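Coordinates from work26.cif are shown below (mmCIF, C-alpha atoms and all ligand atoms).
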```cif
data_run
#
loop_
_atom_site.label_atom_id
_atom_site.label_comp_id
_atom_site.auth_asym_id
_atom_site.auth_seq_id
_atom_site.Cartn_x
_atom_site.Cartn_y
_atom_site.Cartn_z
CA MET Q 251 0.00 0.00 0.00
CA ARG Q 252 2.37 2.58 1.30
CA PRO Q 253 5.83 1.75 0.12
CA ASN Q 254 8.66 2.74 2.36
CA HIS Q 255 9.70 6.23 1.60
CA SER Q 256 13.25 6.99 0.94
CA GLY Q 257 14.23 10.61 1.17
CA ILE Q 258 14.99 10.58 -2.53
CA GLY Q 259 11.58 9.30 -3.47
CA ALA Q 260 9.93 11.85 -1.24
CA SER Q 261 11.69 14.80 -2.74
CA ARG Q 262 11.07 13.62 -6.26
CA HIS Q 263 7.42 13.38 -5.40
CA ARG Q 264 7.52 16.79 -3.90
CA ALA Q 265 8.61 18.30 -7.19
CA ILE Q 266 5.74 16.59 -8.92
CA ALA Q 267 3.42 17.72 -6.20
CA GLY Q 268 4.34 21.31 -6.86
CA LEU Q 269 2.94 20.93 -10.36
CA LEU Q 270 -0.10 19.14 -9.07
CA ALA Q 271 -0.70 21.89 -6.56
CA CYS Q 272 -0.84 24.50 -9.30
CA ALA Q 273 -3.25 22.44 -11.31
CA ALA Q 274 -5.36 21.60 -8.32
CA ALA Q 275 -5.61 25.15 -7.07
CA ALA Q 276 -7.51 25.99 -10.22
CA LEU Q 277 -10.09 23.33 -9.51
CA ILE Q 278 -12.36 24.93 -7.03
CA ALA Q 279 -15.37 22.79 -6.49
CA PRO Q 280 -18.68 24.57 -6.16
CA ALA Q 281 -20.11 24.16 -2.68
CA SER Q 282 -23.03 25.96 -1.13
CA PRO Q 283 -25.22 27.42 -3.86
CA LEU Q 284 -25.81 30.48 -1.70
CA HIS Q 285 -22.77 32.62 -1.27
CA ALA Q 286 -20.30 30.44 -3.04
CA ASP Q 287 -19.48 33.24 -5.45
CA GLU Q 288 -18.37 35.74 -2.86
CA ALA Q 289 -17.13 33.39 -0.20
CA PRO Q 290 -13.40 32.82 -0.30
CA PRO Q 291 -12.46 29.17 -0.72
CA PHE Q 292 -11.67 27.05 2.28
CA ARG Q 293 -8.14 26.04 1.38
CA LEU Q 294 -7.09 22.68 2.61
CA CYS Q 295 -3.53 21.40 2.70
CA ALA Q 296 -3.34 17.71 2.00
CA ASP Q 297 -1.05 15.02 0.71
CA PRO Q 298 -2.17 13.68 -2.70
CA THR Q 299 -1.01 10.12 -2.04
CA ASN Q 300 -1.74 9.28 1.53
CA LEU Q 301 -4.76 7.03 1.70
CA PRO Q 302 -6.68 6.38 3.85
CA PHE Q 303 -6.24 10.03 4.84
CA SER Q 304 -6.02 11.96 1.63
CA SER Q 305 -5.65 11.55 -2.06
CA ASP Q 306 -6.16 13.68 -5.14
CA SER Q 307 -8.31 10.98 -6.68
CA PRO Q 308 -11.88 12.35 -6.78
CA SER Q 309 -13.31 8.85 -6.53
CA LYS Q 310 -11.41 8.09 -3.34
CA PRO Q 311 -10.48 11.36 -1.68
CA GLY Q 312 -9.69 9.98 1.77
CA PHE Q 313 -10.83 10.57 5.32
CA TYR Q 314 -9.34 14.02 5.81
CA VAL Q 315 -10.30 15.35 2.42
CA GLU Q 316 -13.90 14.28 2.86
CA ILE Q 317 -13.97 15.87 6.29
CA GLY Q 318 -12.61 19.02 4.65
CA GLN Q 319 -15.36 18.89 2.04
CA ALA Q 320 -18.02 18.52 4.70
CA LEU Q 321 -16.50 21.37 6.66
CA ALA Q 322 -16.35 23.68 3.67
CA GLN Q 323 -19.95 22.96 2.95
CA ALA Q 324 -20.97 23.65 6.54
CA LEU Q 325 -19.04 26.92 6.37
CA GLY Q 326 -20.74 27.86 3.10
CA ARG Q 327 -17.44 28.11 1.27
CA PRO Q 328 -16.07 26.38 -1.78
CA ILE Q 329 -13.13 24.09 -1.17
CA ALA Q 330 -9.68 24.37 -2.70
CA TYR Q 331 -6.71 22.10 -2.24
CA ASP Q 332 -3.06 22.67 -1.79
CA TRP Q 333 -1.51 19.30 -2.49
CA TYR Q 334 1.78 18.86 -0.81
CA LYS Q 335 3.53 15.58 -0.95
CA SER Q 336 5.91 15.04 1.89
CA TYR Q 337 6.34 13.61 5.29
CA PHE Q 338 3.54 15.20 7.17
CA GLY Q 339 5.82 16.75 9.69
CA LYS Q 340 6.63 20.12 11.12
CA ARG Q 341 8.43 21.15 7.99
CA THR Q 342 5.35 20.56 5.88
CA VAL Q 343 3.27 22.56 8.32
CA ARG Q 344 5.76 25.39 8.19
CA VAL Q 345 5.82 25.54 4.41
CA THR Q 346 2.13 25.11 3.74
CA LEU Q 347 0.00 26.23 6.64
CA LEU Q 348 2.31 28.82 8.14
CA GLY Q 349 3.39 29.82 4.64
CA LYS Q 350 -0.26 30.78 4.06
CA GLN Q 351 -0.71 28.39 1.17
CA CYS Q 352 -3.76 27.02 2.88
CA ASP Q 353 -6.15 27.75 5.72
CA ALA Q 354 -6.34 24.44 7.49
CA MET Q 355 -4.63 21.13 7.90
CA ILE Q 356 -6.70 18.22 9.07
CA GLY Q 357 -5.33 15.59 11.39
CA LEU Q 358 -2.64 17.33 13.40
CA PRO Q 359 -1.96 16.09 16.92
CA ARG Q 360 -3.79 18.40 19.28
CA SER Q 361 -0.94 19.30 21.53
CA GLU Q 362 0.79 22.49 22.54
CA ASP Q 363 4.03 20.65 21.95
CA PHE Q 364 3.21 20.46 18.30
CA MET Q 365 4.47 23.80 17.04
CA GLY Q 366 2.53 25.81 19.55
CA PRO Q 367 2.00 28.75 19.69
CA ALA Q 368 2.48 29.14 15.92
CA VAL Q 369 -0.25 26.57 15.28
CA ILE Q 370 -3.66 26.61 16.93
CA PHE Q 371 -6.19 23.80 16.95
CA SER Q 372 -9.84 23.01 16.60
CA ASN Q 373 -11.48 20.67 19.06
CA THR Q 374 -10.59 17.03 18.73
CA PHE Q 375 -12.46 15.21 15.99
CA ALA Q 376 -10.98 11.75 16.36
CA LYS Q 377 -8.53 9.61 18.24
CA GLU Q 378 -5.72 7.95 16.41
CA GLY Q 379 -2.89 5.61 17.14
CA TYR Q 380 -1.64 2.10 17.35
CA ALA Q 381 -4.12 -0.73 17.16
CA LEU Q 382 -4.39 -4.39 18.02
CA VAL Q 383 -5.23 -6.48 15.00
CA ALA Q 384 -6.41 -10.06 15.35
CA ALA Q 385 -8.76 -12.55 13.75
CA LYS Q 386 -12.39 -11.74 14.52
CA GLY Q 387 -13.42 -12.99 17.92
CA GLN Q 388 -9.84 -13.25 19.15
CA ALA Q 389 -9.17 -9.68 20.15
CA PRO Q 390 -6.91 -9.44 23.17
CA GLY Q 391 -8.52 -7.15 25.73
CA GLY Q 392 -5.27 -5.66 26.98
CA ILE Q 393 -1.69 -6.47 27.72
CA ASP Q 394 -2.60 -9.62 29.65
CA GLY Q 395 -4.54 -10.89 26.70
CA LEU Q 396 -1.25 -10.90 24.81
CA LYS Q 397 0.36 -13.42 27.17
CA GLY Q 398 1.73 -16.45 25.41
CA LYS Q 399 0.93 -14.93 22.03
CA ARG Q 400 3.16 -14.06 19.12
CA VAL Q 401 2.74 -10.34 18.64
CA ALA Q 402 3.95 -8.44 15.58
CA VAL Q 403 5.37 -5.04 16.53
CA GLN Q 404 6.94 -2.40 14.36
CA PHE Q 405 10.61 -1.77 14.85
CA ALA Q 406 11.32 1.25 17.10
CA SER Q 407 7.64 1.83 17.82
CA THR Q 408 5.89 2.48 21.11
CA PRO Q 409 4.35 -1.01 21.13
CA GLN Q 410 7.77 -2.54 20.72
CA ASN Q 411 9.06 -0.56 23.69
CA LEU Q 412 5.99 -1.38 25.68
CA LEU Q 413 6.38 -5.12 25.20
CA ALA Q 414 10.18 -5.14 25.37
CA SER Q 415 10.37 -6.18 28.98
CA ARG Q 416 7.67 -8.87 28.79
CA ASP Q 417 9.23 -12.30 28.52
CA ASP Q 418 5.82 -13.92 28.37
CA ILE Q 419 4.99 -12.26 25.06
CA GLN Q 420 6.81 -13.34 21.94
CA LYS Q 421 7.65 -10.40 19.73
CA VAL Q 422 7.75 -10.67 15.99
CA THR Q 423 9.52 -7.57 14.75
CA VAL Q 424 8.28 -6.08 11.50
CA LEU Q 425 9.30 -2.95 9.66
CA SER Q 426 5.92 -1.65 8.60
CA PRO Q 427 2.20 -2.11 9.21
CA GLU Q 428 2.06 -3.86 5.83
CA GLU Q 429 4.53 -6.43 7.05
CA GLY Q 430 2.61 -6.77 10.30
CA MET Q 431 -0.55 -7.64 8.39
CA GLN Q 432 1.38 -10.16 6.32
CA ALA Q 433 2.77 -11.78 9.47
CA LEU Q 434 -0.81 -12.28 10.64
CA ASP Q 435 -1.96 -13.52 7.28
CA GLN Q 436 0.89 -16.00 6.99
CA GLY Q 437 0.40 -17.30 10.50
CA ARG Q 438 3.69 -15.95 11.82
CA ALA Q 439 1.91 -13.84 14.42
CA ASP Q 440 -1.33 -14.18 16.39
CA VAL Q 441 -1.81 -10.48 16.93
CA ALA Q 442 -0.35 -7.39 15.28
CA PHE Q 443 0.18 -4.30 17.43
CA ILE Q 444 0.73 -1.80 14.65
CA TRP Q 445 -0.17 1.61 13.26
CA GLY Q 446 -3.96 1.61 13.19
CA PRO Q 447 -4.90 3.66 10.13
CA VAL Q 448 -2.81 1.65 7.74
CA ALA Q 449 -3.90 -1.62 9.35
CA GLY Q 450 -7.54 -0.64 8.96
CA TRP Q 451 -7.11 0.45 5.38
CA LEU Q 452 -5.28 -2.75 4.42
CA ASN Q 453 -7.86 -4.84 6.22
CA LYS Q 454 -10.49 -3.19 4.11
CA THR Q 455 -8.72 -3.13 0.77
CA SER Q 456 -6.57 -6.28 0.83
CA TYR Q 457 -7.91 -8.60 3.48
CA ASN Q 458 -11.64 -8.56 3.00
CA ASP Q 459 -12.30 -7.14 6.45
CA ARG Q 460 -11.11 -10.40 7.93
CA TYR Q 461 -9.55 -8.86 11.01
CA GLN Q 462 -10.81 -7.08 14.02
CA ILE Q 463 -8.99 -3.88 14.84
CA ALA Q 464 -9.05 -2.09 18.15
CA LEU Q 465 -7.47 1.25 18.89
CA THR Q 466 -5.23 1.33 21.94
CA GLU Q 467 -4.78 4.02 24.51
CA GLY Q 468 -1.81 4.91 26.67
CA GLU Q 469 1.34 6.97 26.62
CA GLY Q 470 2.61 7.22 23.08
CA LEU Q 471 -0.05 4.86 21.80
CA SER Q 472 -2.77 7.22 20.75
CA TRP Q 473 -3.60 10.87 20.77
CA ASP Q 474 -6.20 13.40 19.77
CA ALA Q 475 -6.46 14.52 16.19
CA ALA Q 476 -7.60 18.03 15.40
CA ILE Q 477 -7.57 20.58 12.63
CA GLY Q 478 -4.62 22.94 12.67
CA PHE Q 479 -4.60 26.61 11.69
CA ALA Q 480 -2.04 29.37 11.72
CA LYS Q 481 -2.27 31.31 14.96
CA THR Q 482 -3.71 34.34 13.22
CA SER Q 483 -6.74 32.33 12.09
CA THR Q 484 -8.64 32.32 15.38
CA GLU Q 485 -11.83 33.47 13.71
CA LEU Q 486 -11.86 30.60 11.23
CA ARG Q 487 -10.90 28.18 13.98
CA ASP Q 488 -13.85 29.33 16.07
CA ARG Q 489 -16.22 28.90 13.16
CA VAL Q 490 -14.91 25.41 12.52
CA ASP Q 491 -15.36 24.54 16.19
CA ALA Q 492 -18.91 25.81 15.97
CA VAL Q 493 -19.82 23.47 13.11
CA LEU Q 494 -17.77 20.43 14.17
CA PRO Q 495 -20.43 18.97 16.48
CA GLN Q 496 -22.92 18.72 13.63
CA LEU Q 497 -20.33 16.88 11.55
CA GLN Q 498 -19.50 14.20 14.09
CA SER Q 499 -21.86 11.62 12.65
CA THR Q 500 -20.52 12.24 9.16
CA ILE Q 501 -17.01 11.86 10.51
CA GLY Q 502 -18.02 8.58 12.13
CA GLU Q 503 -19.38 7.30 8.83
CA LEU Q 504 -16.26 8.36 7.00
CA ALA Q 505 -14.14 6.52 9.57
CA VAL Q 506 -16.04 3.35 8.75
CA LYS Q 507 -15.76 4.00 5.04
CA TYR Q 508 -11.99 4.22 5.28
CA GLY Q 509 -11.61 1.27 7.61
CA LEU Q 510 -10.60 3.29 10.65
CA PRO Q 511 -11.55 1.28 13.72
CA SER Q 512 -14.35 2.54 15.91
CA GLY Q 513 -15.30 1.50 19.40
CA ALA Q 514 -13.76 2.04 22.80
CA PRO Q 515 -9.96 1.92 22.82
CA VAL Q 516 -8.11 -0.85 24.64
CA ARG Q 517 -6.30 0.69 27.56
CA PHE Q 518 -2.77 -0.18 28.46
CA ASP Q 519 -2.54 0.66 32.10
CA GLY Q 520 1.02 -0.52 32.35
CA MET Q 521 1.84 2.78 30.81
CA ALA Q 522 1.14 5.92 32.69
CA VAL Q 523 -0.75 8.40 30.61
CA GLU Q 524 0.08 11.97 31.21
CA THR Q 525 -0.86 13.75 28.06
CA THR Q 526 -4.57 13.17 27.76
CA THR Q 527 -5.86 15.87 30.04
CA GLY Q 528 -8.12 18.67 29.02
CA THR Q 529 -8.50 17.84 25.37
CA GLY Q 530 -11.35 16.59 23.33
CA THR Q 531 -14.91 17.55 22.93
CA GLY Q 532 -16.23 14.79 25.13
CA ALA Q 533 -18.88 12.43 23.94
CA GLY Q 534 -18.90 13.63 20.35
CA VAL Q 535 -15.40 12.42 19.58
CA ALA Q 536 -15.24 9.62 17.07
CA GLN Q 537 -12.99 6.94 18.48
CA VAL Q 538 -11.14 5.99 15.39
CA ALA Q 539 -7.77 4.39 15.27
CA ASN Q 540 -6.07 6.46 12.75
CA VAL Q 541 -5.88 9.86 11.64
CA VAL Q 542 -2.64 11.71 11.82
CA ALA Q 543 -0.33 10.99 9.03
CA THR Q 544 2.90 11.42 10.86
CA GLU Q 545 6.46 12.21 9.96
CA THR Q 546 6.83 8.67 8.80
CA LYS Q 547 3.57 8.34 7.04
CA GLY Q 548 2.14 5.67 9.19
CA ASP Q 549 5.22 3.59 9.27
CA ALA Q 550 6.58 3.07 12.69
CA THR Q 551 6.04 6.29 14.54
CA ALA Q 552 3.69 8.84 15.96
CA PRO Q 553 4.59 12.49 16.50
CA GLY Q 554 5.84 11.96 20.04
CA THR Q 555 7.72 8.88 19.07
CA GLU Q 556 9.70 10.62 16.41
CA ALA Q 557 11.36 12.64 19.11
CA ALA Q 558 11.63 9.49 21.18
CA GLY Q 559 13.49 7.82 18.32
CA ALA Q 560 16.02 10.64 18.20
CA GLY Q 561 16.28 10.59 21.97
CA LYS Q 562 16.87 6.89 22.00
CA GLU Q 563 19.75 7.31 19.64
CA ILE Q 564 21.38 9.93 21.83
CA PHE Q 565 20.68 7.84 24.87
CA ASN Q 566 22.25 4.73 23.46
CA GLY Q 567 25.21 6.72 22.18
CA THR Q 568 25.97 8.63 25.35
CA CYS Q 569 24.03 7.54 28.39
CA ALA Q 570 23.80 3.81 27.85
CA HIS Q 571 27.22 2.84 29.07
CA CYS Q 572 26.16 3.84 32.57
CA HIS Q 573 22.38 3.53 32.37
CA GLY Q 574 22.17 0.49 30.13
CA PRO Q 575 21.22 0.07 26.46
CA ASP Q 576 17.65 1.22 25.89
CA ALA Q 577 17.74 2.15 29.59
CA ILE Q 578 17.53 -1.46 30.61
CA GLN Q 579 19.54 -1.54 33.79
CA SER Q 580 19.37 -3.95 36.69
CA GLU Q 581 21.01 -1.63 39.19
CA ARG Q 582 18.04 0.18 40.67
CA LYS Q 583 19.85 3.37 41.59
CA ILE Q 584 20.60 4.19 38.00
CA ASP Q 585 17.61 2.48 36.43
CA LEU Q 586 15.97 5.34 34.57
CA ARG Q 587 12.86 3.29 33.92
CA LEU Q 588 11.98 4.04 37.51
CA LEU Q 589 11.94 7.81 37.15
CA ARG Q 590 8.19 8.07 37.17
CA HIS Q 591 7.83 5.60 39.95
CA ARG Q 592 10.39 7.52 41.93
CA TYR Q 593 9.32 11.09 41.27
CA GLY Q 594 5.77 11.02 39.93
CA ASP Q 595 4.78 14.51 38.84
CA GLU Q 596 8.24 15.84 39.59
CA MET Q 597 9.71 13.47 37.08
CA ARG Q 598 10.31 16.01 34.38
CA ASP Q 599 11.83 18.56 36.75
CA LYS Q 600 14.16 15.98 38.27
CA PHE Q 601 15.23 14.83 34.86
CA TRP Q 602 15.85 18.37 33.75
CA THR Q 603 17.98 19.46 36.70
CA THR Q 604 19.89 16.22 36.80
CA VAL Q 605 20.86 16.21 33.14
CA HIS Q 606 21.69 19.92 33.15
CA GLU Q 607 23.69 20.09 36.37
CA GLY Q 608 24.65 16.45 36.81
CA ARG Q 609 25.48 15.01 40.21
CA PRO Q 610 29.21 15.36 39.99
CA THR Q 611 29.92 13.87 43.38
CA LYS Q 612 27.92 10.77 42.51
CA GLY Q 613 29.27 9.97 39.12
CA MET Q 614 26.58 11.57 36.98
CA PRO Q 615 28.16 14.13 34.63
CA ALA Q 616 26.55 17.46 33.74
CA TRP Q 617 25.37 17.58 30.15
CA LYS Q 618 24.17 21.12 29.65
CA GLU Q 619 27.20 22.07 27.56
CA VAL Q 620 26.79 18.96 25.47
CA PHE Q 621 23.18 18.86 24.36
CA THR Q 622 20.53 21.37 23.37
CA ASP Q 623 17.22 21.58 25.17
CA ASP Q 624 15.55 19.99 22.16
CA GLN Q 625 17.88 17.07 22.51
CA PHE Q 626 17.12 16.80 26.21
CA ASP Q 627 13.45 16.86 25.28
CA SER Q 628 13.91 14.02 22.88
CA ILE Q 629 15.85 11.98 25.45
CA TYR Q 630 13.01 12.64 27.85
CA SER Q 631 10.46 11.50 25.25
CA PHE Q 632 12.40 8.31 24.86
CA LEU Q 633 12.58 7.76 28.62
CA LEU Q 634 8.81 8.24 28.80
CA THR Q 635 8.39 5.24 26.55
CA VAL Q 636 10.26 2.94 28.91
CA GLN Q 637 8.85 3.90 32.29
CA SER Q 638 7.91 0.98 34.46
CA GLU Q 639 5.22 1.09 37.09
CA SER Q 640 6.51 -1.88 38.96
CA ASN Q 641 8.22 -1.59 42.26
CA ASP Q 642 10.41 -4.61 42.02
C1 LIG H 1 29.49 8.05 33.62
C2 LIG H 1 28.23 7.43 33.94
C3 LIG H 1 26.97 8.16 33.54
C4 LIG H 1 26.64 8.64 32.32
C5 LIG H 1 27.43 8.58 31.03
C6 LIG H 1 25.30 9.18 32.46
N1 LIG H 1 24.87 9.05 33.74
FE1 LIG H 1 23.08 9.59 34.45
N2 LIG H 1 23.62 8.99 36.28
C7 LIG H 1 24.79 8.35 36.59
C8 LIG H 1 24.80 8.01 38.00
C9 LIG H 1 25.90 7.27 38.74
C10 LIG H 1 23.57 8.46 38.52
C11 LIG H 1 23.05 8.32 39.95
C12 LIG H 1 23.47 9.51 40.77
C13 LIG H 1 22.94 9.37 42.19
O1 LIG H 1 23.28 8.38 42.82
O2 LIG H 1 22.21 10.26 42.60
C14 LIG H 1 22.85 9.06 37.41
C15 LIG H 1 21.61 9.64 37.51
C16 LIG H 1 20.86 10.09 36.47
C17 LIG H 1 19.53 10.58 36.56
C18 LIG H 1 18.71 10.70 37.83
C19 LIG H 1 18.19 9.36 38.23
C20 LIG H 1 17.36 9.41 39.48
O3 LIG H 1 16.64 8.44 39.66
O4 LIG H 1 17.44 10.35 40.25
C21 LIG H 1 19.13 10.91 35.31
C22 LIG H 1 17.78 11.47 34.90
C23 LIG H 1 20.23 10.62 34.43
N3 LIG H 1 21.27 10.13 35.16
C24 LIG H 1 20.18 10.83 33.07
C25 LIG H 1 21.27 10.63 32.26
C26 LIG H 1 21.27 10.92 30.86
C27 LIG H 1 20.07 11.42 30.07
C28 LIG H 1 22.50 10.63 30.40
C29 LIG H 1 23.04 10.81 29.00
C30 LIG H 1 22.95 12.14 28.46
C31 LIG H 1 23.28 10.15 31.52
N4 LIG H 1 22.51 10.16 32.63
C32 LIG H 1 24.58 9.74 31.42
C33 LIG H 1 25.83 8.09 35.76
C34 LIG H 1 25.87 8.42 34.42
#
```
Representation of the structure as structure tokens:
Amino acid sequence: MRPNHSGIGASRHRAIAGLLACAAAALIAPASPLHADEAPPFRLCADPTNLPFSSDSPSKPGFYVEIGQALAQALGRPIAYDWYKSYFGKRTVRVTLLGKQCDAMIGLPRSEDFMGPAVIFSNTFAKEGYALVAAKGQAPGGIDGLKGKRVAVQFASTPQNLLASRDDIQKVTVLSPEEGMQALDQGRADVAFIWGPVAGWLNKTSYNDRYQIALTEGEGLSWDAAIGFAKTSTELRDRVDAVLPQLQSTIGELAVKYGLPSGAPVRFDGMAVETTTGTGTGAGVAQVANVVATETKGDATAPGTEAAGAGKEIFNGTCAHCHGPDAIQSERKIDLRLLRHRYGDEMRDKFWTTVHEGRPTKGMPAWKEVFTDDQFDSIYSFLLTVQSESND
């Protein structure tokens, strides 16, 4: 479905996308018969080749594009597209949305950490993330349901980290959601714990809906998807928020159409969740496993886990010879998987002071001259993915 993207392929596509964008900008679909003439178009930034989220094919526009169409209609404005083919990361947002090429970008992670305050968000319209995929009727209800099973996990993903320390679960490492689905299909795995949107789309388009797919919930496993705007667009954002509630049932139907799993997410309580406060619109939120096309386009990682990947690299390069590779360390005193257990809400502060100042008398060097705050952030993101709740 989604071939792995090499940087070369992506930039070649980007050049083509530039041409497409020009062509597409001319195609402004008529919307509301009323004021469509005067109303400025609702300009949507989207990737032309990123199903199930978006595509420039009119017969299969994708989840985000159809949400955009419904929104434009509700706003009484025609829709226009700015197709931009790339990793859907901060750079894309900077070029397109903040570069004023479009008014809105659907499916950004609703988090201040994501380019705030330059980017502002609508209310949450869906949940997205990793999902558990299994034959119908065999869905594991949580981490204990995975005991004794062979579980396909994507390399360097949150699920892989989450299951790393469980000897009672056999991991089958795969490089992509596609490969995870194949492992299931070929009987090499009993369950796949992989990127939900792609799993759902493949299930629908290549596997005859044979599998049951459940969104998961927990640190780094899922997050809220919203519509992003440049910070100067508060008025448009408020109007979008005003019409979003009436679109929730349409959004739910679209989720089904594109194979995005619905239903209550499976909670992984082994992982502390600290980022889910104060977001969402409550009951109206469609619980779909999917939604944000991330830096890696649905391969391995979510927005937070991209940073975690970079942090892991720094960690393993610099910190691991004292704290253990991947922070796996049997000596409790320097076992950084216990930071949350040890400090709870103070965890971040403790981390920050300790890495900046060190504890020179105790053998922990100071690192503030060595790394930037962004790098410390990414190390912290990585450490968040390995926190253990256990006391032993
Ligand atoms: C030369 C060995 C060494 C290296 C390299 C090292 N540390 Fe440490 N670190 C320690 C020791 C020893 C302690 C425990 C100090 C104490 O007893 O209070 C520690 C403590 C910590 C703590 C506090 C743990 C707690 O529970 O209070 C954090 C956080 C930490 N290190 C992060 C890092 C990071 C991040 C790196 C890499 C950038 C790193 N360390 C590299 C030796 C090291």
Contacts to ligand LIG 1 (chain H) at 6 Å cut-off (all atoms listed in the file) as a list of chain:residue names: Q:Phe565, Q:Thr568, Q:Cys569, Q:Cys572, Q:Ile584, Q:Leu586, Q:Leu589, Q:Phe601, Q:Thr604, Q:Val605, Q:Arg609, Q:Lys612, Q:Gly613, Q:Met614
Close residues, Q:Asp624 itself excluded, 12 Å, all atoms listed in the file, min 6 positions apart in chain, as a PDB file with C-alpha atoms, in the coordinates of the input:
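Below is the file that was written, around19.pdb:
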```
ATOM      1  CA  ASP Q 363       4.030  20.650  21.950  1.00  0.00           C
ATOM      2  CA  ALA Q 557      11.360  12.640  19.110  1.00  0.00           C
ATOM      3  CA  ALA Q 558      11.630   9.490  21.180  1.00  0.00           C
ATOM      4  CA  ALA Q 560      16.020  10.640  18.200  1.00  0.00           C
ATOM      5  CA  GLY Q 561      16.280  10.590  21.970  1.00  0.00           C
ATOM      6  CA  ILE Q 564      21.380   9.930  21.830  1.00  0.00           C
ATOM      7  CA  TRP Q 602      15.850  18.370  33.750  1.00  0.00           C
ATOM      8  CA  LYS Q 618      24.170  21.120  29.650  1.00  0.00           C
ATOM      9  CA  TYR Q 630      13.010  12.640  27.850  1.00  0.00           C
ATOM     10  CA  SER Q 631      10.460  11.500  25.250  1.00  0.00           C
TER      11      SER Q 631
END
```
Point-to-point distance in Å for atom CA of Q:Asp595 and atom CA of Q:Glu581: 22.9 Å
Test item: residues at most 10 Å from Q:Ala384, all atoms listed in the file, excluding those fewer than 6 positions along its chain, as a ChimeraX atom specification: /Q:390,401,431,434-435,439-443,460-464
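Atom pair atom CA of Q:Ile477 / atom CA of Q:Leu358 has a distance of 6.0 Å (rounded to one decimal).
With atom CA of Q:Ala480 on one side and atom CA of Q:Ala354 on the other, the separation reads 7.8 Å.
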Close residues, Q:Ala616 itself excluded, 6 Å, all atoms listed in the file, min 3 positions apart in chain, as a ChimeraX atom specification: /Q:605-608
With the input short on atoms, add all heavy atoms back to stretch 459-463 of chain Q and write it as a short mmCIF file (atom, residue, chain, number, x, y, z; two decimals), keeping the file's coordinate frame.
```
data_model
loop_
_atom_site.label_atom_id
_atom_site.label_comp_id
_atom_site.auth_asym_id
_atom_site.auth_seq_id
_atom_site.Cartn_x
_atom_site.Cartn_y
_atom_site.Cartn_z
N ASP Q 459 -11.74 -7.40 5.12
CA ASP Q 459 -12.30 -7.14 6.45
C ASP Q 459 -12.22 -8.35 7.38
O ASP Q 459 -13.07 -8.54 8.24
CB ASP Q 459 -13.77 -6.71 6.34
CG ASP Q 459 -13.91 -5.21 6.46
OD1 ASP Q 459 -13.09 -4.61 7.17
OD2 ASP Q 459 -14.81 -4.65 5.82
N ARG Q 460 -11.21 -9.16 7.19
CA ARG Q 460 -11.11 -10.40 7.93
C ARG Q 460 -10.74 -10.17 9.38
O ARG Q 460 -10.99 -10.98 10.25
CB ARG Q 460 -10.03 -11.26 7.26
CG ARG Q 460 -10.16 -12.72 7.51
CD ARG Q 460 -9.11 -13.49 6.72
NE ARG Q 460 -8.92 -13.01 5.36
CZ ARG Q 460 -7.74 -13.05 4.73
NH1 ARG Q 460 -6.67 -13.52 5.32
NH2 ARG Q 460 -7.64 -12.62 3.48
N TYR Q 461 -10.07 -9.06 9.66
CA TYR Q 461 -9.55 -8.86 11.01
C TYR Q 461 -10.35 -7.84 11.79
O TYR Q 461 -11.04 -6.98 11.25
CB TYR Q 461 -8.08 -8.41 10.93
CG TYR Q 461 -7.21 -9.44 10.27
CD1 TYR Q 461 -6.79 -9.28 8.95
CD2 TYR Q 461 -6.84 -10.60 10.95
CE1 TYR Q 461 -6.00 -10.24 8.33
CE2 TYR Q 461 -6.07 -11.56 10.34
CZ TYR Q 461 -5.64 -11.38 9.04
OH TYR Q 461 -4.88 -12.33 8.43
N GLN Q 462 -10.19 -8.00 13.09
CA GLN Q 462 -10.81 -7.08 14.02
C GLN Q 462 -9.72 -6.13 14.48
O GLN Q 462 -8.61 -6.57 14.81
CB GLN Q 462 -11.32 -7.93 15.17
CG GLN Q 462 -12.11 -7.22 16.20
CD GLN Q 462 -12.72 -8.28 17.14
OE1 GLN Q 462 -12.93 -9.43 16.75
NE2 GLN Q 462 -12.97 -7.88 18.35
N ILE Q 463 -10.02 -4.85 14.52
CA ILE Q 463 -8.99 -3.88 14.84
C ILE Q 463 -9.44 -2.98 15.97
O ILE Q 463 -10.50 -2.36 15.88
CB ILE Q 463 -8.66 -3.02 13.60
CG1 ILE Q 463 -8.27 -3.97 12.44
CG2 ILE Q 463 -7.55 -2.04 13.89
CD1 ILE Q 463 -7.73 -3.27 11.24
#
```
